[in-house]
Structure formats: C-alpha cells, structure tokens
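Data block for data-v3.cif (mmCIF, C-alpha atoms):
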data_target
loop_
_atom_site.label_atom_id
_atom_site.label_comp_id
_atom_site.auth_asym_id
_atom_site.auth_seq_id
_atom_site.Cartn_x
_atom_site.Cartn_y
_atom_site.Cartn_z
CA MET A 193 -88.12 -39.62 52.13
CA SER A 194 -88.10 -37.19 55.03
CA ARG A 195 -85.43 -39.21 56.80
CA ILE A 196 -83.17 -38.99 53.75
CA ALA A 197 -83.92 -35.30 53.42
CA VAL A 198 -82.78 -34.73 56.98
CA TRP A 199 -79.44 -36.49 56.48
CA LEU A 200 -78.74 -35.26 52.97
CA PRO A 201 -77.27 -31.86 53.93
CA LEU A 202 -74.99 -33.55 56.44
CA ALA A 203 -73.85 -36.05 53.81
CA VAL A 204 -73.14 -33.27 51.32
CA PHE A 205 -71.28 -31.40 54.03
CA ALA A 206 -69.23 -34.49 54.86
CA VAL A 207 -68.23 -34.92 51.22
CA LEU A 208 -67.21 -31.26 51.02
CA VAL A 209 -65.18 -31.58 54.21
CA GLY A 210 -63.46 -34.59 52.67
CA PHE A 211 -62.49 -32.58 49.58
CA PHE A 212 -61.31 -29.59 51.59
CA PHE A 213 -59.33 -31.80 53.94
CA LYS A 214 -57.54 -33.39 51.00
CA GLY A 215 -56.98 -29.93 49.58
CA LEU A 216 -55.11 -28.89 52.72
CA THR A 217 -52.31 -31.30 51.94
CA LEU A 218 -52.17 -30.62 48.19
CA ASP A 219 -49.59 -28.23 46.81
CA PRO A 220 -50.92 -26.58 43.66
CA ARG A 221 -47.36 -25.94 42.50
CA GLU A 222 -46.72 -29.65 42.43
CA GLN A 223 -47.78 -30.98 39.07
CA PRO A 224 -47.48 -34.49 37.79
CA SER A 225 -44.76 -34.78 35.20
CA ALA A 226 -45.81 -35.81 31.73
CA LEU A 227 -42.55 -37.72 31.44
CA ILE A 228 -43.02 -40.33 34.16
CA GLY A 229 -42.57 -43.71 32.48
CA GLN A 230 -40.90 -42.10 29.46
CA PRO A 231 -37.24 -42.41 28.56
CA VAL A 232 -34.98 -39.41 29.06
CA PRO A 233 -35.31 -37.34 25.86
CA GLU A 234 -32.50 -37.51 23.38
CA PHE A 235 -30.06 -34.63 23.41
CA GLN A 236 -26.86 -33.46 21.79
CA LEU A 237 -25.17 -31.13 24.24
CA THR A 238 -21.75 -30.72 25.79
CA ASP A 239 -20.15 -31.64 29.07
CA LEU A 240 -19.70 -28.49 31.14
CA ASN A 241 -16.34 -29.60 32.52
CA THR A 242 -14.70 -31.05 29.43
CA GLY A 243 -16.53 -29.32 26.60
CA GLN A 244 -16.89 -32.72 24.90
CA PRO A 245 -20.15 -33.69 23.17
CA LEU A 246 -22.59 -35.45 25.42
CA SER A 247 -25.66 -37.51 24.58
CA ARG A 248 -28.21 -39.72 26.29
CA GLU A 249 -26.13 -42.85 25.78
CA GLN A 250 -23.41 -41.52 28.06
CA LEU A 251 -25.66 -41.31 31.10
CA PRO A 252 -25.19 -43.89 33.90
CA GLN A 253 -26.54 -47.39 33.23
CA GLN A 254 -27.82 -47.68 36.80
CA PRO A 255 -30.49 -45.71 38.68
CA PHE A 256 -29.42 -42.09 39.01
CA LEU A 257 -30.70 -38.65 39.86
CA LEU A 258 -30.84 -36.00 37.20
CA ASN A 259 -30.62 -32.68 38.97
CA VAL A 260 -31.56 -29.50 37.10
CA TRP A 261 -29.68 -26.55 38.57
CA ALA A 262 -28.23 -23.15 37.79
CA SER A 263 -25.87 -20.74 39.46
CA TRP A 264 -28.67 -18.12 39.59
CA CYS A 265 -30.92 -20.48 41.52
CA ILE A 266 -30.97 -19.93 45.27
CA THR A 267 -32.71 -23.17 46.21
CA CYS A 268 -30.06 -25.08 44.28
CA GLN A 269 -27.49 -23.80 46.76
CA VAL A 270 -29.72 -24.90 49.60
CA GLU A 271 -30.04 -28.46 48.33
CA HIS A 272 -26.42 -28.74 47.25
CA PRO A 273 -25.01 -30.17 50.51
CA TYR A 274 -27.70 -32.85 50.59
CA LEU A 275 -27.11 -33.78 46.95
CA THR A 276 -23.41 -34.02 47.72
CA GLN A 277 -24.28 -36.45 50.49
CA LEU A 278 -26.58 -38.41 48.16
CA SER A 279 -23.88 -38.69 45.52
CA GLN A 280 -22.18 -41.21 47.83
CA ARG A 281 -25.16 -43.52 47.40
CA MET A 282 -26.05 -43.10 43.76
CA PRO A 283 -24.80 -41.13 40.76
CA VAL A 284 -26.13 -37.60 40.49
CA VAL A 285 -26.08 -36.21 36.97
CA GLY A 286 -26.18 -32.43 36.70
CA LEU A 287 -28.17 -30.54 34.12
CA ASN A 288 -26.85 -27.03 34.19
CA TYR A 289 -29.92 -25.13 33.02
CA LYS A 290 -29.89 -21.75 31.27
CA ASP A 291 -26.62 -20.72 32.81
CA THR A 292 -23.31 -19.38 31.58
CA GLU A 293 -20.23 -21.54 31.52
CA THR A 294 -18.17 -19.28 33.75
CA ALA A 295 -20.85 -18.76 36.37
CA ALA A 296 -21.60 -22.48 36.50
CA ARG A 297 -17.94 -23.45 36.83
CA ASN A 298 -17.35 -20.86 39.55
CA TRP A 299 -20.37 -22.14 41.42
CA LEU A 300 -19.07 -25.71 41.33
CA GLN A 301 -15.62 -24.59 42.34
CA LYS A 302 -16.99 -22.73 45.33
CA LEU A 303 -19.51 -25.27 46.56
CA GLY A 304 -17.97 -28.52 45.38
CA ASP A 305 -18.81 -30.77 42.45
CA PRO A 306 -20.60 -33.99 43.43
CA TYR A 307 -21.90 -34.58 39.90
CA ALA A 308 -20.99 -37.70 37.96
CA VAL A 309 -21.65 -35.95 34.65
CA GLN A 310 -22.50 -32.34 34.01
CA ILE A 311 -24.74 -31.61 31.04
CA PHE A 312 -24.41 -28.02 29.89
CA ASP A 313 -27.75 -26.73 28.57
CA PRO A 314 -27.40 -22.96 28.21
CA THR A 315 -30.54 -22.52 26.08
CA GLY A 316 -32.74 -24.79 28.19
CA ARG A 317 -33.45 -27.05 25.21
CA LEU A 318 -33.20 -30.31 27.16
CA GLY A 319 -34.94 -28.64 30.10
CA LEU A 320 -37.88 -27.89 27.85
CA ASP A 321 -37.99 -31.45 26.53
CA LEU A 322 -38.01 -32.63 30.14
CA GLY A 323 -40.91 -30.33 31.00
CA VAL A 324 -38.80 -28.31 33.41
CA ALA A 325 -40.58 -25.20 34.64
CA GLY A 326 -37.69 -23.85 36.69
CA ALA A 327 -34.67 -24.88 38.73
CA PRO A 328 -34.25 -26.87 40.82
CA GLU A 329 -35.97 -29.98 39.61
CA THR A 330 -34.76 -33.51 40.10
CA PHE A 331 -35.66 -36.64 38.17
CA LEU A 332 -35.16 -40.21 39.26
CA VAL A 333 -34.07 -42.27 36.25
CA ASP A 334 -33.93 -46.05 36.46
CA GLY A 335 -31.27 -48.37 35.06
CA ARG A 336 -33.06 -48.55 31.69
CA GLY A 337 -33.04 -44.79 31.30
CA VAL A 338 -36.74 -44.38 32.10
CA ILE A 339 -37.90 -41.47 34.26
CA GLN A 340 -39.56 -42.72 37.43
CA ALA A 341 -40.16 -39.57 39.43
CA ARG A 342 -39.88 -35.82 39.30
CA ILE A 343 -39.32 -33.55 42.27
CA GLN A 344 -39.96 -29.85 41.85
CA GLY A 345 -38.00 -27.76 44.27
CA GLU A 346 -35.53 -28.69 46.95
CA VAL A 347 -34.43 -32.28 47.48
CA ASN A 348 -33.75 -32.96 51.14
CA GLN A 349 -33.81 -35.98 53.39
CA ARG A 350 -37.58 -35.88 53.92
CA VAL A 351 -38.28 -35.63 50.19
CA PHE A 352 -35.77 -38.36 49.44
CA GLU A 353 -37.25 -40.75 51.98
CA ARG A 354 -40.82 -40.11 50.89
CA GLN A 355 -40.55 -39.81 47.14
CA ILE A 356 -37.34 -41.38 45.97
CA GLN A 357 -36.36 -44.18 48.31
CA PRO A 358 -39.59 -46.22 47.91
CA LEU A 359 -39.18 -46.13 44.13
CA LEU A 360 -35.50 -46.92 44.35
CA GLU A 361 -36.33 -50.19 46.04
CA THR A 362 -38.63 -51.20 43.20
CA VAL A 363 -36.32 -50.24 40.34
CA GLN A 364 -33.23 -51.90 41.75
CA MET B 143 -30.04 20.58 48.24
CA MET B 144 -27.72 17.59 47.99
CA LYS B 145 -30.57 15.40 49.06
CA SER B 146 -32.92 16.59 46.33
CA VAL B 147 -30.21 16.09 43.73
CA LEU B 148 -29.76 12.55 44.95
CA LYS B 149 -33.48 12.02 44.88
CA ALA B 150 -33.74 13.34 41.34
CA GLY B 151 -30.84 11.12 40.34
CA LEU B 152 -32.51 8.10 41.89
CA ILE B 153 -35.79 8.81 40.15
CA ALA B 154 -34.00 9.26 36.83
CA TRP B 155 -32.18 5.98 37.36
CA LEU B 156 -35.37 4.13 38.27
CA MET B 157 -37.07 5.52 35.19
CA SER B 158 -34.21 4.43 32.96
CA VAL B 159 -34.36 0.94 34.48
CA ALA B 160 -38.08 0.88 33.82
CA MET B 161 -37.42 1.89 30.23
CA VAL B 162 -34.87 -0.87 29.81
CA THR B 163 -37.22 -3.58 31.02
CA HIS B 164 -39.88 -2.18 28.76
CA GLY B 165 -37.47 -2.33 25.86
CA ALA B 166 -36.90 -6.03 26.49
CA ILE B 167 -40.31 -6.90 25.07
CA GLU B 168 -39.62 -9.53 22.48
CA THR B 169 -40.43 -8.95 18.85
CA TYR B 170 -41.23 -11.82 16.56
CA GLN B 171 -41.38 -11.50 12.79
CA PHE B 172 -44.14 -13.48 11.15
CA ASP B 173 -44.63 -14.44 7.52
CA SER B 174 -48.31 -13.55 7.58
CA PRO B 175 -50.92 -11.88 9.79
CA GLU B 176 -52.54 -15.33 10.19
CA GLN B 177 -49.38 -16.69 11.79
CA GLU B 178 -49.26 -13.74 14.14
CA GLU B 179 -52.90 -14.25 15.08
CA ARG B 180 -52.26 -17.95 15.77
CA PHE B 181 -49.28 -17.03 17.92
CA ARG B 182 -51.43 -14.59 19.91
CA GLN B 183 -54.24 -17.12 20.25
CA LEU B 184 -51.90 -19.91 21.43
CA GLY B 185 -50.43 -17.44 23.90
CA PHE B 186 -53.89 -17.25 25.45
CA GLU B 187 -54.57 -20.97 25.38
CA LEU B 188 -51.32 -22.27 26.82
CA ARG B 189 -50.81 -21.94 30.52
CA CYS B 190 -47.56 -20.96 32.18
CA PRO B 191 -46.25 -24.06 34.04
CA LYS B 192 -44.51 -21.98 36.70
CA CYS B 193 -47.29 -19.53 37.52
CA GLN B 194 -50.56 -20.71 38.95
CA ASN B 195 -52.93 -18.87 36.74
CA GLN B 196 -51.47 -17.01 33.83
CA ALA B 197 -51.33 -17.75 30.17
CA ILE B 198 -47.88 -17.81 28.59
CA GLY B 199 -48.82 -14.78 26.49
CA ASP B 200 -49.55 -12.84 29.64
CA SER B 201 -46.71 -13.87 31.90
CA ASP B 202 -43.26 -12.46 32.60
CA ALA B 203 -41.95 -15.76 33.95
CA GLU B 204 -38.77 -16.97 32.29
CA ILE B 205 -40.38 -20.25 31.28
CA SER B 206 -43.26 -18.44 29.58
CA GLY B 207 -40.77 -16.58 27.43
CA ASP B 208 -39.14 -19.89 26.52
CA LEU B 209 -42.49 -21.43 25.62
CA ARG B 210 -43.47 -18.40 23.52
CA ALA B 211 -40.17 -18.78 21.66
CA GLU B 212 -41.00 -22.44 21.17
CA VAL B 213 -44.49 -21.67 19.86
CA TYR B 214 -42.94 -19.16 17.49
CA ARG B 215 -40.39 -21.69 16.27
CA LEU B 216 -43.07 -24.34 15.71
CA ILE B 217 -45.36 -21.93 13.87
CA LYS B 218 -42.48 -20.92 11.61
CA GLU B 219 -41.74 -24.59 10.97
CA GLY B 220 -45.31 -25.03 9.79
CA ALA B 221 -46.77 -26.95 12.72
CA THR B 222 -50.54 -26.84 13.17
CA ASP B 223 -52.15 -25.56 16.37
CA GLU B 224 -52.95 -29.15 17.32
CA GLU B 225 -49.37 -30.25 16.84
CA ILE B 226 -48.13 -27.35 18.96
CA LYS B 227 -50.54 -28.22 21.75
CA GLU B 228 -49.52 -31.90 21.60
CA PHE B 229 -45.88 -30.83 21.78
CA MET B 230 -46.58 -28.86 24.95
CA VAL B 231 -48.76 -31.54 26.56
CA ALA B 232 -46.06 -34.17 25.91
CA ARG B 233 -43.66 -32.08 27.98
CA TYR B 234 -45.73 -30.19 30.50
CA GLY B 235 -48.80 -32.37 30.79
CA ARG B 236 -52.44 -31.42 30.46
CA TYR B 237 -51.86 -28.60 32.89
CA VAL B 238 -50.65 -26.36 30.05
CA LEU B 239 -54.01 -26.41 28.28
CA TYR B 240 -56.44 -23.80 29.44
CA SER B 241 -59.21 -25.56 27.59
CA PRO B 242 -58.85 -29.27 28.35
CA PRO B 243 -60.17 -31.72 25.76
CA LEU B 244 -63.36 -33.59 26.55
CA ASP B 245 -62.68 -37.18 27.62
CA ARG B 246 -63.30 -39.53 30.54
CA GLN B 247 -60.87 -37.76 32.84
CA THR B 248 -62.35 -34.34 32.23
CA LEU B 249 -66.00 -35.39 32.05
CA ILE B 250 -66.78 -34.13 35.54
CA LEU B 251 -65.05 -30.85 34.76
CA TRP B 252 -67.16 -30.26 31.70
CA PHE B 253 -70.51 -31.54 32.90
CA GLY B 254 -70.22 -31.35 36.71
CA PRO B 255 -71.63 -27.84 37.14
CA ALA B 256 -74.48 -28.39 34.68
CA GLY B 257 -75.19 -31.75 36.33
CA LEU B 258 -75.43 -30.15 39.75
CA LEU B 259 -77.81 -27.53 38.36
CA VAL B 260 -80.06 -30.22 36.88
CA ILE B 261 -80.07 -32.21 40.15
CA GLY B 262 -80.89 -29.04 42.08
CA GLY B 263 -83.70 -28.25 39.66
CA ILE B 264 -85.19 -31.73 40.06
CA VAL B 265 -85.05 -31.49 43.86
CA VAL B 266 -86.78 -28.11 43.82
CA ALA B 267 -89.44 -29.33 41.37
CA LEU B 268 -90.14 -32.41 43.50
CA ARG B 269 -90.46 -30.35 46.64
CA ILE B 270 -92.85 -27.88 45.01
CA ARG B 271 -94.98 -30.69 43.70
CA ARG B 272 -95.05 -32.41 47.07
CA SER B 273 -96.04 -29.29 48.97
CA LYS B 274 -98.71 -28.60 46.37
CA GLN B 275 -100.07 -32.13 46.77
CA ALA B 276 -99.99 -31.74 50.55
CA LEU B 277 -101.86 -28.48 50.21
CA GLU B 278 -104.49 -30.08 47.98
CA ARG B 279 -104.92 -32.99 50.38
CA GLY B 280 -105.23 -30.54 53.25
CA GLU B 281 -107.94 -28.64 51.36
CA SER B 282 -109.88 -31.76 50.38
CA ASN B 283 -109.66 -32.99 53.97
CA ALA B 284 -111.04 -29.77 55.30
#

Would you put the structure from the file into structure tokens?
Amino acid sequence: MSRIAVWLPLAVFAVLVGFFFKGLTLDPREQPSALIGQPVPEFQLTDLNTGQPLSREQLPQQPFLLNVWASWCITCQVEHPYLTQLSQRMPVVGLNYKDTETAARNWLQKLGDPYAVQIFDPTGRLGLDLGVAGAPETFLVDGRGVIQARIQGEVNQRVFERQIQPLLETVQ
Amino acid sequence: MMKSVLKAGLIAWLMSVAMVTHGAIETYQFDSPEQEERFRQLGFELRCPKCQNQAIGDSDAEISGDLRAEVYRLIKEGATDEEIKEFMVARYGRYVLYSPPLDRQTLILWFGPAGLLVIGGIVVALRIRRSKQALERGESNA
C-alpha cells in the first residue's frame, strides 16, 4: 500500500503532463466537420461566371477541392496563389460565399481565376448546409461526391501535404 | 479653434457610427410569445461555431447572425426544438450544443468530476480509518 501511495502522485502527474502535452498541439479553432463521409449537400444555385443554374450533379466526377471564399476575406487572397498552383493537379471548385457578384468578379479578374466551376452563394445557404463557419474553408470531395476532409483556414503546401495528399492517395 | 472643431466633428461622427451599428440589431416577428421564448432559449443553447465560447444569441459574429436567422426560419416553419438542434448538429457537429446529450462519448464529461470527487472521498476515508487503527494499535501496545 505505502509503495503505491508513494508513486500515485507521480502517476497522476504523468497523466496530466500527457494531457497538457497533447493540448499544446491542439488548435481549439479546429473542429471536426460533421460532414466527413457525407455527400455534398444538394443545392440549386447559379454559376458566378455564366449566371446559369448550377446543382450538385454538375460538380466534377473526380476528386476535387471545394474552396469556400469571398472577396472580403483576407486569408482567401493569401491562399489564392497556392490554390492556383493546385488547380494544375486537380479541379478546384469555388464556392463564392456571402459575396456580391461584382466584388467577386472583380476579385477574380484581379487575382486570376483558377476555378473549374464557381458556385455563387450570396446568402450562404450552401455554406450553412456545409457547416461553414467562415471563409476560407476547403473540402476534399472524392470521385463519388463524398466529403473526405475539411480544412478551416488557409490551404498551403504544408496543409496540403499533411491533410489532403494522404487522403488523395486512398480515394484515387 | 480649428482643432476643437475637428475633434467635435470626429466625436459626432463616431457617435453616429455607433448609433448605426446599434440600429442594425435584427428584429424578428413571432406569431406568439412562446415562439419568441423558444428563439431566445435556443439562442442560449446553441454555440457560435466561429467563436470559442459564445452562444449564438450573444455573439456578433456573422455566422451567429446566420444561425439565428436559421433558427427563426425553422421555428416559423413549425420545427420542434429537437429538430432545430438536430439540424444544427448535422451541419456543425456536436460542438454547437452547449448542453451535450448523455451518451457513451460524453459519459466522462457528465460523470468525470463527480467520479473524481467520489474517488477522493474514498481515499480520504481510507486514510482516516488507517490512521485511526494505527493510533488504536499504538495505544493498545503502550
């Protein structure tokens, strides 16, 4: 008994250290998406560039990135060059979130338009169905239209290599 | 003189800006006081997905406004509180619930603190008993 009693505080301490250590690498802003493993929600919106109706069926039939952005979003500008680069490797579908048509078009004209399709969602309806809390967010969707990953915030090379590439190998 | 005029102008401008933001408070029309009460209650129970610790009824974040509008729409459409919460969980995950339901995943959350208290109590009781016994032995030995 006394031997256990001596080591018990140390054991408790070790467990606490373990929790705190894990906590150091956790980002409380990063939440698991409720939509992982779910198909992209249905939507009836328009294409920002053509004004034509757009629905889920018109999305790429191969793995693609669904990037939620807006012209008012600073981080979206930051990640834009990298997304442009990525669009050489796989389709990037844009979801223009709670924006105005003019501002969004100007933004694309200024910075370039790497998007395969541009969904125009001025009210944030599809964003809400996707569980989007704010721009930018990026979803990896597989060839069957099922969401495989969600990245909140900027997509860059590090994020891509850690969170997207490993999954890409399994879905392809 | 010029300076003070500028200052006064600036203050007046700031005040008018403050008034404008204040005026932006959304107004929702409800069919009954019960609906309004449910809206208020759900505003407390649903958590803003963007902010770390604010309810949607208490947050200025854009997304909170959107979710309030959604709660309002669902209430008007006749959804029950449970249906509204399920709607939110399906999109934003369990995170949006301030009061998580009791199940296997949340067991430790609900009973962890009480469990620790009980364990602590048992340890203290055992120690008291042991020292008492030791004391009694010591006395009988003497």

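CA of Ala256 in chain B to CA of Leu184 in chain B spans 27.5 Å [interatomic distance, one decimal].
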
(Q) List as a count of residues only the protein and nucleic acid residues near range 324-335 of chain A, meaning an atom at most 7 Å away when only C-alpha atoms are counted, but skip any in the same chain fewer than 6 places from it. (A) 23

(Q) Distance limit 6 Å, atoms considered: all atoms listed in the file. Which chain A residues sit that close to chain B? Return them as a PyMOL selection string. (A) chain A and resi 226+321+323+325

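Computed from the coordinates, the CA of Lys218 in chain B to CA of Arg180 in chain B distance equals 11.0 Å.
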
(Q) Which residues are near Pro242 in chain B? Cut-off 12 Å, all atoms listed in the file, ignore same chain within fewer than 4 positions. Put them as a list in words. (A)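 Near Pro242 in chain B, the qualifying residues are Glu187, Leu188, Arg189, Lys227, Glu228, Val231, Gly235, Arg236, Tyr237, Val238, Arg246, Gln247, Thr248, Leu249, Ile250, Leu251 and Trp252 of chain B.
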
Q | Selection near Gln177 in chain B, 12 Å with all atoms listed in the file, sequence-local residues under 4 positions removed, as JSON, numbers by chain | A | {"B": [170, 171, 172, 173, 181, 182, 183, 184, 213, 214, 215, 216, 217, 218, 219, 220, 221, 222, 223]}

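For the atom pair formed by CA of Ala197 in chain B and CA of Arg210 in chain B, the distance is 10.3 Å, given to one decimal.
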
Q: Starting from the displayed file, determine the output of the PyMOL selection byres ((chain A and resi 281) around 12) and express the residue list as a count of residues only.
A: 19

Q | Explicit residues for the PyMOL selection byres ((chain A and resi 293-305) around 9) (as a list in words) | A | Leu240, Asn241, Ala262, Ser263, Trp264, Gln269, His272, Pro273, Thr276, Asn288, Asp291, Thr292, Pro306, Tyr307, Ala308, Phe312 and Pro314 of chain A

Q. Expanded to explicit residues, what is the PyMOL selection byres ((chain A and resi 232) around 7) for this file, as a count of residues only?
A. 7

Edge lengths and centre in Å, axis-aligned, range 315-324 of chain A plus 6 Å each side, as JSON:
{"center_x": -35.7, "center_y": -27.6, "center_z": 29.3, "size_x": 22.4, "size_y": 22.1, "size_z": 20.2}
